[in-house]
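Undergrad: Handing you a structure now.
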Amino acid sequence: MNLAPAAAGAPKQAVASPALQKEFDGFIEKFRAALKANDSAAVASMTRLPFMNDSAIRDAAQFRAKTYPTSFTAKNRACIQRGKAVYDRDQENNDNYFVFCGDLIFVFTKTPAGFLFTDVGAND
């Protein structure tokens, strides 16, 4: 029995290069340390601003006031600290890692400045 044709038709899961994985591992270690310390300033410094292209969250102070308290509850901080990050590429060919926490997805994207927290969305 040959399963090759069926397997060939399955979508190919993107795989991060070892160098990319190492870079992300360094980033997420710092991000998780900031969450463990509940350090909103450090989290903001690792976030692409304006956050989610929202002009109302264009700087670190606005992120800390508007996004951090609602997105980074104690439960979500704990989830991100222990959750497995899943790699994928988006339609624009960006390298992304996703951490799924209940109803939310936390997105980390490779940018010219390195990895940054870029989005929080609904886990549908």
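In the structure tokens, the first chain shown is A, the next is B, and so on; residue numbers restart at 1 for each chain, and ligands run from 1 in the order shown.
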Write out as number ranges by chain which residues come within 6 Å of range 68-82 of chain A when counting only C-alpha atoms, dropping same-chain ones fewer than 6 positions away.
TA: A: 32, 35, 101
Undergrad: Write to file, as a compact mmCIF listing (two decimals), in the first residue's frame, the residues of the selection just made, with all heavy atoms.
TA:
```
# COMPACT_ATOMS: atom_id res chain seq x y z
N ARG A 32 8.82 36.41 28.28
CA ARG A 32 8.24 35.67 29.41
C ARG A 32 8.77 36.17 30.74
O ARG A 32 8.03 36.23 31.73
CB ARG A 32 8.51 34.17 29.23
CG ARG A 32 7.65 33.57 28.14
CD ARG A 32 8.00 32.12 27.84
NE ARG A 32 6.99 31.52 26.97
CZ ARG A 32 7.21 30.46 26.21
NH1 ARG A 32 8.40 29.89 26.18
NH2 ARG A 32 6.23 29.97 25.46
N LEU A 35 6.82 39.21 31.54
CA LEU A 35 5.48 38.84 32.02
C LEU A 35 5.52 38.31 33.44
O LEU A 35 4.66 38.65 34.25
CB LEU A 35 4.85 37.79 31.10
CG LEU A 35 4.49 38.26 29.69
CD1 LEU A 35 3.90 37.10 28.90
CD2 LEU A 35 3.51 39.43 29.72
N CYS A 101 -4.03 30.95 24.01
CA CYS A 101 -4.43 31.01 25.42
C CYS A 101 -5.95 31.16 25.48
O CYS A 101 -6.47 32.27 25.35
CB CYS A 101 -3.77 32.18 26.13
SG CYS A 101 -1.98 32.01 26.27
```
Undergrad: Which residue gives the smallest distance to Asn94 in chain A among A:Phe63, A:Phe115, A:Phe51, A:Phe27, with only C-alpha atoms counted?
TA: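 Between A:Phe63, A:Phe115, A:Phe51, A:Phe27, the residue approaching Asn94 in chain A most closely is A:Phe115.
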Undergrad: Taking only C-alpha atoms into account, which of A:Lys36, A:Lys30, A:Arg48, A:Lys66 comes nearest Lys110 in chain A?
TA: A:Arg48
Undergrad: Quick one: of A:Ile28, A:Met46, A:Leu116, A:Ala14, who's nearest to Ala60 in chain A, counting only C-alpha atoms?
TA: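 When distances to Ala60 in chain A are compared using only C-alpha atoms, the smallest one comes from A:Met46.
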Undergrad: Excluding Ala122 in chain A and residues on its chain fewer than 4 positions from it, collect all residues at most 9 Å away from it, counting only C-alpha atoms, and give them as a PDB file with C-alpha atoms, in the first residue's frame.
TA:
```pdb
ATOM      1  CA  ASP A 103     -10.056  32.528  23.531  1.00  0.00           C
ATOM      2  CA  LEU A 104      -6.961  34.536  22.542  1.00  0.00           C
ATOM      3  CA  ILE A 105      -4.019  34.144  20.197  1.00  0.00           C
TER       4      ILE A 105
END
```
Undergrad: I need the residues in range 3-113 of chain A that are helix (DSSP H, G or I) according to DSSP; give them as a VMD selection string.
TA: chain A and resid 4 to 9 18 to 36 40 to 45 51 to 53 55 to 57 60 to 71 74 to 82
Undergrad: CA of Ala85 in chain A and CA of Tyr97 in chain A, how far apart in Å?
TA: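 Rounded to one decimal, the two atoms are 5.7 Å apart.
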Undergrad: Taking the chain letters and numbering used in this document, name the residues of range 7-109 of chain A that DSSP puts in strand (DSSP E or B), as an MDAnalysis selection string.
TA: chainID A and resid 47 86:89 95:101 104:109
Undergrad: Considering only C-alpha atoms, state which residue in the set A:Gly102, A:Phe108, A:Gly121, A:Ala37 is at the smallest distance from Asp88 in chain A.
TA: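 Of A:Gly102, A:Phe108, A:Gly121, A:Ala37, the one nearest Asp88 in chain A is A:Phe108, counting only C-alpha atoms.
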Undergrad: Between A:Ser45, A:Gly26, A:Ala56, A:Asn38, which residue has the minimum interatomic distance to Phe117 in chain A, considering only C-alpha atoms?
TA: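 Closest to Phe117 in chain A of all the choices is A:Ser45.
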Undergrad: If we count only C-alpha atoms, what is near Pro50 in chain A at a cut-off of 7 Å, once residues fewer than 6 positions away on the same chain are taken out, given as a list in words?
TA: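 The filter keeps Ile57, Arg58 and Asp59 of chain A.
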Undergrad: Generate a file of the selected residues that holds N, CA and C atoms, formatted as a JSON list (two decimals), in the first residue's frame.
TA:
```
[["chain", "number", "residue", "atom", "x", "y", "z"],
["A", 57, "ILE", "N", -3.26, 53.55, 20.16],
["A", 57, "ILE", "CA", -2.23, 52.82, 20.93],
["A", 57, "ILE", "C", -0.92, 52.98, 20.18],
["A", 58, "ARG", "N", -0.49, 54.25, 20.06],
["A", 58, "ARG", "CA", 0.67, 54.53, 19.21],
["A", 58, "ARG", "C", 1.99, 54.57, 19.98],
["A", 59, "ASP", "N", 1.94, 54.59, 21.33],
["A", 59, "ASP", "CA", 3.20, 54.62, 22.07],
["A", 59, "ASP", "C", 3.11, 53.71, 23.29]]
```
